[in-house]
file coords18.cif (mmCIF, C-alpha atoms and all ligand atoms)
data_protein
#
loop_
_atom_site.group_PDB
_atom_site.id
_atom_site.type_symbol
_atom_site.label_atom_id
_atom_site.label_comp_id
_atom_site.auth_asym_id
_atom_site.auth_seq_id
_atom_site.Cartn_x
_atom_site.Cartn_y
_atom_site.Cartn_z
ATOM 1 C CA MET V 67 22.540 2.981 -12.092
ATOM 2 C CA SER V 68 20.954 0.195 -14.157
ATOM 3 C CA HIS V 69 17.541 -1.455 -13.750
ATOM 4 C CA THR V 70 17.506 -4.856 -12.067
ATOM 5 C CA PRO V 71 15.385 -7.278 -14.119
ATOM 6 C CA ILE V 72 12.353 -8.704 -12.266
ATOM 7 C CA GLY V 73 13.186 -11.955 -10.455
ATOM 8 C CA GLU V 74 16.952 -11.257 -10.233
ATOM 9 C CA PRO V 75 18.528 -10.648 -6.815
ATOM 10 C CA ARG V 76 18.432 -6.940 -6.081
ATOM 11 C CA GLN V 77 19.759 -4.604 -3.455
ATOM 12 C CA ARG V 78 17.553 -3.217 -0.734
ATOM 13 C CA ILE V 79 16.147 0.191 -1.583
ATOM 14 C CA THR V 80 17.095 2.911 0.878
ATOM 15 C CA VAL V 81 16.407 6.628 1.239
ATOM 16 C CA ALA V 82 19.881 7.213 -0.237
ATOM 17 C CA SER V 83 19.188 5.016 -3.254
ATOM 18 C CA LEU V 84 16.079 7.059 -4.074
ATOM 19 C CA ARG V 85 18.269 10.211 -4.218
ATOM 20 C CA GLU V 86 20.687 8.337 -6.488
ATOM 21 C CA LYS V 87 17.828 7.451 -8.790
ATOM 22 C CA LYS V 88 16.769 11.091 -9.011
ATOM 23 C CA LEU V 89 20.361 12.125 -9.780
ATOM 24 C CA HIS V 90 20.588 9.547 -12.562
ATOM 25 C CA HIS V 91 17.081 10.277 -13.922
ATOM 26 C CA GLU V 92 16.049 6.710 -13.196
ATOM 27 C CA PRO V 93 12.265 6.559 -12.592
ATOM 28 C CA ILE V 94 11.174 5.499 -9.093
ATOM 29 C CA THR V 95 8.235 3.098 -8.703
ATOM 30 C CA CYS V 96 5.862 2.929 -5.759
ATOM 31 C CA LEU V 97 2.693 0.924 -5.123
ATOM 32 C CA THR V 98 0.534 0.624 -2.065
ATOM 33 C CA ALA V 99 0.167 -2.735 -0.309
ATOM 34 C CA TYR V 100 -1.957 -3.561 2.682
ATOM 35 C CA ASP V 101 -1.336 -7.211 3.545
ATOM 36 C CA TYR V 102 1.260 -9.997 3.352
ATOM 37 C CA SER V 103 0.309 -11.505 -0.021
ATOM 38 C CA GLY V 104 -0.068 -8.141 -1.774
ATOM 39 C CA ALA V 105 3.232 -6.943 -0.301
ATOM 40 C CA ARG V 106 5.095 -10.074 -1.454
ATOM 41 C CA LEU V 107 3.783 -9.729 -5.005
ATOM 42 C CA VAL V 108 4.620 -6.017 -5.210
ATOM 43 C CA ASP V 109 8.081 -6.509 -3.690
ATOM 44 C CA GLU V 110 8.840 -9.451 -5.980
ATOM 45 C CA ALA V 111 7.845 -7.276 -8.969
ATOM 46 C CA ALA V 112 10.914 -5.132 -8.074
ATOM 47 C CA ILE V 113 8.857 -2.068 -7.106
ATOM 48 C CA ASP V 114 11.107 0.422 -5.239
ATOM 49 C CA ILE V 115 8.739 1.655 -2.528
ATOM 50 C CA VAL V 116 5.890 -0.199 -0.829
ATOM 51 C CA LEU V 117 3.499 2.245 0.807
ATOM 52 C CA VAL V 118 1.060 1.136 3.480
ATOM 53 C CA GLY V 119 -1.225 4.005 2.518
ATOM 54 C CA ASP V 120 -4.043 5.151 4.745
ATOM 55 C CA SER V 121 -6.101 4.626 1.574
ATOM 56 C CA LEU V 122 -6.516 1.179 3.144
ATOM 57 C CA ALA V 123 -9.275 2.831 5.175
ATOM 58 C CA GLN V 124 -11.332 2.782 1.980
ATOM 59 C CA THR V 125 -9.837 -0.060 -0.083
ATOM 60 C CA MET V 126 -9.575 -2.661 2.694
ATOM 61 C CA LEU V 127 -11.861 -1.513 5.484
ATOM 62 C CA GLY V 128 -14.731 0.140 3.593
ATOM 63 C CA TYR V 129 -14.591 3.491 5.411
ATOM 64 C CA GLU V 130 -15.914 6.515 3.524
ATOM 65 C CA ASN V 131 -12.596 8.406 3.720
ATOM 66 C CA THR V 132 -9.197 8.178 5.411
ATOM 67 C CA LEU V 133 -10.123 10.209 8.479
ATOM 68 C CA SER V 134 -11.383 7.478 10.781
ATOM 69 C CA ILE V 135 -8.556 4.959 10.488
ATOM 70 C CA THR V 136 -6.624 4.507 13.737
ATOM 71 C CA MET V 137 -2.988 3.878 14.696
ATOM 72 C CA GLU V 138 -3.935 0.325 15.743
ATOM 73 C CA GLU V 139 -5.510 -0.436 12.359
ATOM 74 C CA MET V 140 -2.523 1.020 10.461
ATOM 75 C CA LEU V 141 -0.102 -0.927 12.667
ATOM 76 C CA HIS V 142 -1.960 -4.188 12.087
ATOM 77 C CA HIS V 143 -1.628 -3.799 8.293
ATOM 78 C CA ALA V 144 1.932 -2.439 8.429
ATOM 79 C CA ARG V 145 3.109 -5.526 10.379
ATOM 80 C CA ALA V 146 1.575 -7.839 7.779
ATOM 81 C CA VAL V 147 3.174 -5.881 4.925
ATOM 82 C CA ARG V 148 6.560 -5.934 6.714
ATOM 83 C CA ARG V 149 6.448 -9.744 6.666
ATOM 84 C CA GLY V 150 6.033 -9.663 2.865
ATOM 85 C CA VAL V 151 8.601 -7.003 1.918
ATOM 86 C CA LYS V 152 12.265 -7.942 1.471
ATOM 87 C CA ASN V 153 13.900 -5.325 -0.742
ATOM 88 C CA ALA V 154 11.567 -2.392 -1.253
ATOM 89 C CA LEU V 155 11.649 0.642 1.036
ATOM 90 C CA LEU V 156 8.739 0.251 3.460
ATOM 91 C CA VAL V 157 6.760 3.440 4.067
ATOM 92 C CA VAL V 158 3.626 3.927 6.169
ATOM 93 C CA ASP V 159 1.109 6.764 6.302
ATOM 94 C CA MET V 160 0.736 8.419 9.705
ATOM 95 C CA PRO V 161 -3.062 8.360 10.084
ATOM 96 C CA TYR V 162 -5.152 11.471 10.667
ATOM 97 C CA GLY V 163 -4.908 12.528 14.325
ATOM 98 C CA SER V 164 -1.625 10.715 14.986
ATOM 99 C CA TYR V 165 0.544 13.798 14.318
ATOM 100 C CA HIS V 166 -1.867 16.688 14.782
ATOM 101 C CA LEU V 167 -1.944 16.917 18.576
ATOM 102 C CA GLY V 168 1.645 17.948 19.235
ATOM 103 C CA PRO V 169 5.212 16.976 18.356
ATOM 104 C CA ASP V 170 5.772 14.623 21.307
ATOM 105 C CA GLU V 171 2.807 12.481 20.393
ATOM 106 C CA ALA V 172 3.765 12.585 16.694
ATOM 107 C CA VAL V 173 7.315 11.369 17.470
ATOM 108 C CA ARG V 174 5.920 8.659 19.775
ATOM 109 C CA ASN V 175 3.533 7.414 17.075
ATOM 110 C CA ALA V 176 6.205 7.513 14.354
ATOM 111 C CA ALA V 177 8.565 5.568 16.648
ATOM 112 C CA THR V 178 5.819 3.001 17.281
ATOM 113 C CA PHE V 179 5.642 2.305 13.528
ATOM 114 C CA MET V 180 9.399 1.752 13.444
ATOM 115 C CA LYS V 181 9.614 -0.364 16.591
ATOM 116 C CA GLU V 182 6.470 -2.458 16.197
ATOM 117 C CA ALA V 183 6.118 -2.759 12.429
ATOM 118 C CA GLY V 184 9.671 -2.275 11.158
ATOM 119 C CA VAL V 185 8.708 0.521 8.767
ATOM 120 C CA GLU V 186 11.569 2.607 7.395
ATOM 121 C CA VAL V 187 9.839 5.897 6.564
ATOM 122 C CA VAL V 188 6.642 7.552 7.829
ATOM 123 C CA LYS V 189 4.599 9.764 5.500
ATOM 124 C CA ILE V 190 2.897 12.941 6.670
ATOM 125 C CA GLU V 191 0.451 15.101 4.722
ATOM 126 C CA GLY V 192 1.066 18.845 4.485
ATOM 127 C CA GLY V 193 3.897 21.175 3.436
ATOM 128 C CA GLU V 194 5.269 24.389 4.941
ATOM 129 C CA LYS V 195 3.106 24.145 8.077
ATOM 130 C CA ARG V 196 4.471 20.657 8.867
ATOM 131 C CA ALA V 197 8.175 21.502 8.346
ATOM 132 C CA ASP V 198 9.017 22.012 12.063
ATOM 133 C CA LEU V 199 7.177 18.857 13.061
ATOM 134 C CA ILE V 200 8.956 16.888 10.335
ATOM 135 C CA ARG V 201 12.341 18.154 11.613
ATOM 136 C CA ARG V 202 11.422 16.940 15.113
ATOM 137 C CA ILE V 203 10.607 13.480 13.795
ATOM 138 C CA ILE V 204 13.777 13.329 11.681
ATOM 139 C CA ASP V 205 15.755 14.431 14.782
ATOM 140 C CA ALA V 206 14.420 11.278 16.425
ATOM 141 C CA GLU V 207 16.173 9.274 13.631
ATOM 142 C CA ILE V 208 12.926 8.566 11.788
ATOM 143 C CA PRO V 209 12.920 9.307 8.047
ATOM 144 C CA VAL V 210 9.829 11.190 6.888
ATOM 145 C CA ALA V 211 8.148 11.516 3.467
ATOM 146 C CA GLY V 212 6.048 14.553 2.568
ATOM 147 C CA HIS V 213 2.747 14.673 0.688
ATOM 148 C CA ILE V 214 1.355 17.860 -0.840
ATOM 149 C CA GLY V 215 -1.279 18.945 -3.361
ATOM 150 C CA LEU V 216 -4.461 16.935 -2.958
ATOM 151 C CA THR V 217 -4.049 15.667 0.592
ATOM 152 C CA PRO V 218 -6.939 13.283 1.346
ATOM 153 C CA GLN V 219 -6.801 13.901 5.110
ATOM 154 C CA SER V 220 -7.830 17.521 4.347
ATOM 155 C CA VAL V 221 -10.924 16.432 2.397
ATOM 156 C CA ASN V 222 -13.245 18.562 4.519
ATOM 157 C CA VAL V 223 -11.024 21.653 4.295
ATOM 158 C CA MET V 224 -10.730 21.203 0.500
ATOM 159 C CA SER V 225 -14.509 20.558 0.233
ATOM 160 C CA GLY V 226 -13.895 17.341 -1.692
ATOM 161 C CA TYR V 227 -11.161 15.599 -3.662
ATOM 162 C CA LYS V 228 -10.259 18.359 -6.129
ATOM 163 C CA VAL V 229 -7.192 19.021 -8.254
ATOM 164 C CA GLN V 230 -5.037 21.548 -6.367
ATOM 165 C CA GLY V 231 -2.573 24.220 -7.543
ATOM 166 C CA LYS V 232 -4.655 25.729 -10.318
ATOM 167 C CA SER V 233 -4.317 29.448 -9.475
ATOM 168 C CA LEU V 234 -1.093 31.478 -9.298
ATOM 169 C CA THR V 235 -1.531 31.897 -5.537
ATOM 170 C CA ALA V 236 -2.037 28.156 -5.099
ATOM 171 C CA ILE V 237 1.015 27.408 -7.270
ATOM 172 C CA GLU V 238 3.164 29.775 -5.165
ATOM 173 C CA GLN V 239 1.966 28.047 -1.983
ATOM 174 C CA LEU V 240 2.738 24.609 -3.453
ATOM 175 C CA MET V 241 6.255 25.762 -4.367
ATOM 176 C CA ARG V 242 6.750 27.066 -0.804
ATOM 177 C CA ASP V 243 5.456 23.747 0.542
ATOM 178 C CA ALA V 244 7.834 21.727 -1.636
ATOM 179 C CA VAL V 245 10.844 23.893 -0.780
ATOM 180 C CA ALA V 246 10.025 23.723 2.948
ATOM 181 C CA LEU V 247 9.868 19.904 2.787
ATOM 182 C CA ASP V 248 13.085 19.806 0.743
ATOM 183 C CA ARG V 249 14.878 21.926 3.371
ATOM 184 C CA ALA V 250 13.438 19.862 6.217
ATOM 185 C CA GLY V 251 15.183 16.850 4.655
ATOM 186 C CA VAL V 252 12.297 14.553 3.723
ATOM 187 C CA ALA V 253 13.023 11.243 1.975
ATOM 188 C CA PHE V 254 10.654 11.985 -0.917
ATOM 189 C CA ILE V 255 7.655 14.166 -1.657
ATOM 190 C CA VAL V 256 4.358 12.759 -2.940
ATOM 191 C CA LEU V 257 2.701 15.198 -5.342
ATOM 192 C CA GLU V 258 -0.968 14.310 -5.624
ATOM 193 C CA GLY V 259 -3.640 15.759 -7.892
ATOM 194 C CA ILE V 260 -1.853 18.791 -9.306
ATOM 195 C CA PRO V 261 -1.340 20.043 -12.885
ATOM 196 C CA ARG V 262 1.533 18.465 -14.792
ATOM 197 C CA GLU V 263 3.204 21.852 -15.283
ATOM 198 C CA VAL V 264 3.288 22.554 -11.534
ATOM 199 C CA ALA V 265 4.650 19.069 -10.727
ATOM 200 C CA ALA V 266 7.378 19.571 -13.344
ATOM 201 C CA MET V 267 8.382 22.939 -11.797
ATOM 202 C CA ILE V 268 8.544 21.454 -8.300
ATOM 203 C CA THR V 269 10.523 18.421 -9.491
ATOM 204 C CA ALA V 270 13.084 20.679 -11.175
ATOM 205 C CA GLU V 271 13.316 22.947 -8.113
ATOM 206 C CA VAL V 272 13.899 20.432 -5.299
ATOM 207 C CA GLU V 273 16.731 17.975 -4.666
ATOM 208 C CA THR V 274 14.321 15.568 -2.992
ATOM 209 C CA PRO V 275 12.762 12.925 -5.278
ATOM 210 C CA THR V 276 9.130 13.645 -6.165
ATOM 211 C CA ILE V 277 6.644 10.809 -6.580
ATOM 212 C CA GLY V 278 3.511 11.737 -8.486
ATOM 213 C CA ILE V 279 -0.052 10.458 -8.421
ATOM 214 C CA GLY V 280 -2.268 12.386 -10.781
ATOM 215 C CA ALA V 281 0.616 14.827 -11.272
ATOM 216 C CA GLY V 282 1.797 13.940 -14.778
ATOM 217 C CA PRO V 283 4.898 12.220 -16.143
ATOM 218 C CA ASP V 284 7.603 14.726 -15.160
ATOM 219 C CA CYS V 285 7.937 13.646 -11.519
ATOM 220 C CA ASP V 286 10.923 11.534 -10.435
ATOM 221 C CA GLY V 287 8.622 8.590 -9.826
ATOM 222 C CA GLN V 288 5.037 7.421 -9.857
ATOM 223 C CA VAL V 289 2.768 5.865 -7.252
ATOM 224 C CA LEU V 290 -0.577 4.154 -7.755
ATOM 225 C CA VAL V 291 -2.966 2.388 -5.428
ATOM 226 C CA PHE V 292 -2.882 -1.441 -5.585
ATOM 227 C CA HIS V 293 -6.666 -1.733 -5.749
ATOM 228 C CA ASP V 294 -6.888 0.865 -8.552
ATOM 229 C CA ILE V 295 -4.467 -0.879 -10.906
ATOM 230 C CA LEU V 296 -6.315 -4.168 -10.360
ATOM 231 C CA ASN V 297 -9.897 -2.894 -10.594
ATOM 232 C CA LEU V 298 -10.662 -3.818 -7.000
ATOM 233 C CA VAL V 299 -12.624 -0.642 -6.327
ATOM 234 C CA PHE V 300 -16.350 -0.191 -6.658
ATOM 235 C CA ALA V 301 -16.366 3.251 -8.284
ATOM 236 C CA PRO V 302 -15.270 4.711 -11.630
ATOM 237 C CA PRO V 303 -11.494 5.306 -11.683
ATOM 238 C CA ALA V 304 -9.888 8.756 -11.498
ATOM 239 C CA LYS V 305 -8.447 10.177 -14.739
ATOM 240 C CA PHE V 306 -4.868 9.222 -13.858
ATOM 241 C CA VAL V 307 -5.541 5.586 -12.962
ATOM 242 C CA ARG V 308 -4.303 2.989 -15.407
ATOM 243 C CA ARG V 309 -5.738 -0.491 -14.929
ATOM 244 C CA TYR V 310 -3.253 -3.299 -15.423
ATOM 245 C CA GLY V 311 -5.580 -6.163 -14.544
ATOM 246 C CA ASP V 312 -9.134 -7.020 -13.612
ATOM 247 C CA ALA V 313 -8.973 -8.811 -10.275
ATOM 248 C CA ALA V 314 -12.664 -8.035 -9.646
ATOM 249 C CA ALA V 315 -13.681 -10.078 -12.703
ATOM 250 C CA LEU V 316 -11.258 -12.859 -11.767
ATOM 251 C CA ILE V 317 -12.473 -13.130 -8.155
ATOM 252 C CA SER V 318 -16.111 -12.825 -9.121
ATOM 253 C CA HIS V 319 -15.797 -15.550 -11.758
ATOM 254 C CA ALA V 320 -13.922 -17.879 -9.380
ATOM 255 C CA ALA V 321 -16.509 -17.409 -6.595
ATOM 256 C CA GLN V 322 -19.452 -18.040 -8.958
ATOM 257 C CA GLN V 323 -17.746 -21.097 -10.471
ATOM 258 C CA PHE V 324 -17.070 -22.543 -6.997
ATOM 259 C CA ARG V 325 -20.733 -22.101 -6.060
ATOM 260 C CA THR V 326 -21.911 -23.748 -9.282
ATOM 261 C CA ASP V 327 -19.572 -26.720 -8.744
ATOM 262 C CA VAL V 328 -20.696 -27.248 -5.124
ATOM 263 C CA ILE V 329 -24.430 -27.040 -5.758
ATOM 264 C CA SER V 330 -24.111 -29.353 -8.803
ATOM 265 C CA HIS V 331 -22.000 -31.869 -6.787
ATOM 266 C CA GLN V 332 -19.023 -31.333 -9.122
ATOM 267 C CA TYR V 333 -16.766 -30.304 -6.247
ATOM 268 C CA PRO V 334 -14.936 -31.959 -4.586
ATOM 269 C CA SER V 335 -14.174 -34.936 -6.832
ATOM 270 C CA ASP V 336 -12.775 -38.249 -5.611
ATOM 271 C CA SER V 337 -9.256 -37.174 -6.624
ATOM 272 C CA GLU V 338 -9.678 -34.041 -4.471
ATOM 273 C CA SER V 339 -10.508 -36.212 -1.422
ATOM 274 C CA TYR V 340 -8.288 -37.948 1.146
ATOM 275 C CA HIS V 341 -8.476 -41.745 1.361
ATOM 276 C CA LEU V 342 -7.817 -44.317 4.044
ATOM 277 C CA PRO V 343 -4.821 -46.634 3.556
ATOM 278 C CA LYS V 344 -5.847 -50.027 2.083
ATOM 279 C CA GLU V 345 -5.350 -52.047 5.314
ATOM 280 C CA THR V 346 -7.447 -49.608 7.351
ATOM 281 C CA ARG V 347 -10.164 -49.654 4.695
ATOM 282 C CA VAL V 348 -10.265 -53.485 4.754
ATOM 283 C CA ALA V 349 -10.297 -53.514 8.577
ATOM 284 C CA LEU V 350 -13.084 -50.929 8.627
ATOM 285 C CA GLU V 351 -15.149 -52.991 6.148
ATOM 286 C CA THR V 352 -14.756 -56.045 8.411
ATOM 287 C CA VAL V 353 -15.966 -54.073 11.458
ATOM 288 C CA LEU V 354 -18.936 -52.686 9.527
ATOM 289 C CA ASP V 355 -19.832 -56.164 8.167
ATOM 290 C CA ARG V 356 -19.817 -57.540 11.728
ATOM 291 C CA LYS V 357 -22.084 -54.751 12.950
ATOM 292 C CA ARG V 358 -24.501 -55.303 10.082
ATOM 293 C CA ALA V 359 -24.588 -59.087 10.805
ATOM 294 C CA MET V 360 -25.349 -58.466 14.520
ATOM 295 C CA ARG V 361 -28.229 -56.171 13.592
ATOM 296 C CA ARG V 362 -29.862 -58.919 11.450
HETATM 297 O O1 LIG G 401 -2.849 6.533 1.076
HETATM 298 C C1 LIG G 401 -2.348 6.404 -0.049
HETATM 299 O O2 LIG G 401 -2.552 5.413 -0.749
HETATM 300 C C2 LIG G 401 -1.502 7.479 -0.531
HETATM 301 C C3 LIG G 401 -1.108 7.457 -1.973
HETATM 302 C C4 LIG G 401 -2.258 7.828 -2.803
HETATM 303 C C5 LIG G 401 0.078 8.297 -2.236
HETATM 304 O O3 LIG G 401 -1.164 8.363 0.200
#
call {"tool": "encode", "arguments": {"input": "coords18.cif", "output": "structure tokens"}}
result
Amino acid sequence: MSHTPIGEPRQRITVASLREKKLHHEPITCLTAYDYSGARLVDEAAIDIVLVGDSLAQTMLGYENTLSITMEEMLHHARAVRRGVKNALLVVDMPYGSYHLGPDEAVRNAATFMKEAGVEVVKIEGGEKRADLIRRIIDAEIPVAGHIGLTPQSVNVMSGYKVQGKSLTAIEQLMRDAVALDRAGVAFIVLEGIPREVAAMITAEVETPTIGIGAGPDCDGQVLVFHDILNLVFAPPAKFVRRYGDAAALISHAAQQFRTDVISHQYPSDSESYHLPKETRVALETVLDRKRAMRR
């Protein structure tokens, strides 16, 4: 399979095409997007997977962590992203609480994402312990992605955002998690915040494509958060984040420049203003002249 150059017509990415990419050792790309404009730009950059991550709780909504975001909030953003994505595979995070209260409710919520936001895959955090639930959702014709290692929805159980899989016991559990997800038939597995060596072992072991974030270069693909690559966050970046642009500086400069122009009467100029047609202007002048004459 060959890479499609950016800007050229490309085929829609599907769950099957991700497997093909793994088979052919073709790296898979994934970025988060949270709104229409971001989604269009990411999709038009020929990124394979657009993820409406629940990280939007922090990046877009200013929550402290991902735990408080609701189905309604995720749906609102997923619908906007759907309108901007043409070719990438559209994936959404099931928010905390939307799949923890029983399989019926989990299937209902996953189906809501498909029916109301047109998403193609739902992502669920957790490994071995989620395998039965994931099978139930797949049985309802809804593709599911897994997410293991540092799972942000477990922040309180993990006592913070810490690299996982550092002891032999933890590595064994991660392998069991990955194999369980592989057997359950997930579309791909996100490996977050684990040592490179462990991610490489998992990637070699499973047939499912692995997508790493803070998991080293040996995964089948890589995912980063939109706001991280653009410096749109207000905290120092994690070790694995590579910044490809400085949108914060750009936006800040533009906002300050706008303010300066307005308060110094430099904006708007005459050429940035609408004008009356000549006949109306002449007629208006005549009316105003008459009014002035009557006042005298
Ligand atoms: O919510 C998110 O952005 C994610 C990625 C970090 C994989 O789950």
call {"tool": "residues_near_point", "arguments": {"input": "coords18.cif", "point": "(9.4, 21.6, 1.2)", "cutoff": "10 Å", "atoms": "all atoms listed in the file", "output": "CSV table (one decimal) with C-alpha atoms, in the coordinates of the input"}}
result
chain,number,residue,atom,x,y,z
V,192,GLY,CA,1.1,18.8,4.5
V,193,GLY,CA,3.9,21.2,3.4
V,194,GLU,CA,5.3,24.4,4.9
V,195,LYS,CA,3.1,24.1,8.1
V,196,ARG,CA,4.5,20.7,8.9
V,197,ALA,CA,8.2,21.5,8.3
V,212,GLY,CA,6.0,14.6,2.6
V,213,HIS,CA,2.7,14.7,0.7
V,214,ILE,CA,1.4,17.9,-0.8
V,240,LEU,CA,2.7,24.6,-3.5
V,241,MET,CA,6.3,25.8,-4.4
V,242,ARG,CA,6.8,27.1,-0.8
V,243,ASP,CA,5.5,23.7,0.5
V,244,ALA,CA,7.8,21.7,-1.6
V,245,VAL,CA,10.8,23.9,-0.8
V,246,ALA,CA,10.0,23.7,2.9
V,247,LEU,CA,9.9,19.9,2.8
V,248,ASP,CA,13.1,19.8,0.7
V,249,ARG,CA,14.9,21.9,3.4
V,250,ALA,CA,13.4,19.9,6.2
V,251,GLY,CA,15.2,16.8,4.7
V,252,VAL,CA,12.3,14.6,3.7
V,254,PHE,CA,10.7,12.0,-0.9
V,255,ILE,CA,7.7,14.2,-1.7
V,268,ILE,CA,8.5,21.5,-8.3
V,272,VAL,CA,13.9,20.4,-5.3
V,274,THR,CA,14.3,15.6,-3.0
call {"tool": "atom_distance", "arguments": {"input": "coords18.cif", "atom1": "atom CA of Val188 of chain V", "atom2": "atom CA of Met160 of chain V"}}
result
6.3 Å
call {"tool": "residues_near_point", "arguments": {"input": "coords18.cif", "point": "(-5.5, 3.0, 17.5)", "cutoff": "12 Å", "atoms": "all atoms listed in the file", "output": "ChimeraX atom specification"}}
result
/V:134-142,160-164,175,178-179
call {"tool": "write_last_selection", "arguments": {"input": "coords18.cif", "atoms": "C-alpha atoms", "output": "PDB file, keeping the file's coordinate frame"}}
result
ATOM      1  CA  SER V 134     -11.383   7.478  10.781  1.00  0.00           C
ATOM      2  CA  ILE V 135      -8.556   4.959  10.488  1.00  0.00           C
ATOM      3  CA  THR V 136      -6.624   4.507  13.737  1.00  0.00           C
ATOM      4  CA  MET V 137      -2.988   3.878  14.696  1.00  0.00           C
ATOM      5  CA  GLU V 138      -3.935   0.325  15.743  1.00  0.00           C
ATOM      6  CA  GLU V 139      -5.510  -0.436  12.359  1.00  0.00           C
ATOM      7  CA  MET V 140      -2.523   1.020  10.461  1.00  0.00           C
ATOM      8  CA  LEU V 141      -0.102  -0.927  12.667  1.00  0.00           C
ATOM      9  CA  HIS V 142      -1.960  -4.188  12.087  1.00  0.00           C
ATOM     10  CA  MET V 160       0.736   8.419   9.705  1.00  0.00           C
ATOM     11  CA  PRO V 161      -3.062   8.360  10.084  1.00  0.00           C
ATOM     12  CA  TYR V 162      -5.152  11.471  10.667  1.00  0.00           C
ATOM     13  CA  GLY V 163      -4.908  12.528  14.325  1.00  0.00           C
ATOM     14  CA  SER V 164      -1.625  10.715  14.986  1.00  0.00           C
ATOM     15  CA  ASN V 175       3.533   7.414  17.075  1.00  0.00           C
ATOM     16  CA  THR V 178       5.819   3.001  17.281  1.00  0.00           C
ATOM     17  CA  PHE V 179       5.642   2.305  13.528  1.00  0.00           C
TER      18      PHE V 179
END
call {"tool": "residues_near_ligand", "arguments": {"input": "coords18.cif", "ligand": "ligand LIG 401 (chain G)", "cutoff": "6 Å", "atoms": "only C-alpha atoms and all ligand atoms", "output": "list of chain:residue names"}}
result
V:Thr98, V:Gly119, V:Asp120, V:Ser121, V:Val291
call {"tool": "resolve_selection", "arguments": {"input": "coords18.cif", "expression": "the PyMOL selection byres (((chain V and resi 114) around 8) and not hetatm)", "output": "list in words"}}
result
Ile79, Ile94, Thr95, Cys96, Asp109, Ala112, Ile113, Ile115, Val116, Asn153, Ala154 and Leu155 of chain V
call {"tool": "closest_residue", "arguments": {"input": "coords18.cif", "among": "V:Pro261, V:Pro169, V:Pro93, V:Pro218", "to": "Ile200 of chain V", "atoms": "all atoms listed in the file"}}
result
V:Pro169
call {"tool": "atom_distance", "arguments": {"input": "coords18.cif", "atom1": "atom CA of His319 of chain V", "atom2": "atom CA of Leu290 of chain V"}}
result
25.2 Å
call {"tool": "atom_distance", "arguments": {"input": "coords18.cif", "atom1": "atom CA of Ala177 of chain V", "atom2": "atom CA of Pro209 of chain V"}}
result
10.3 Å
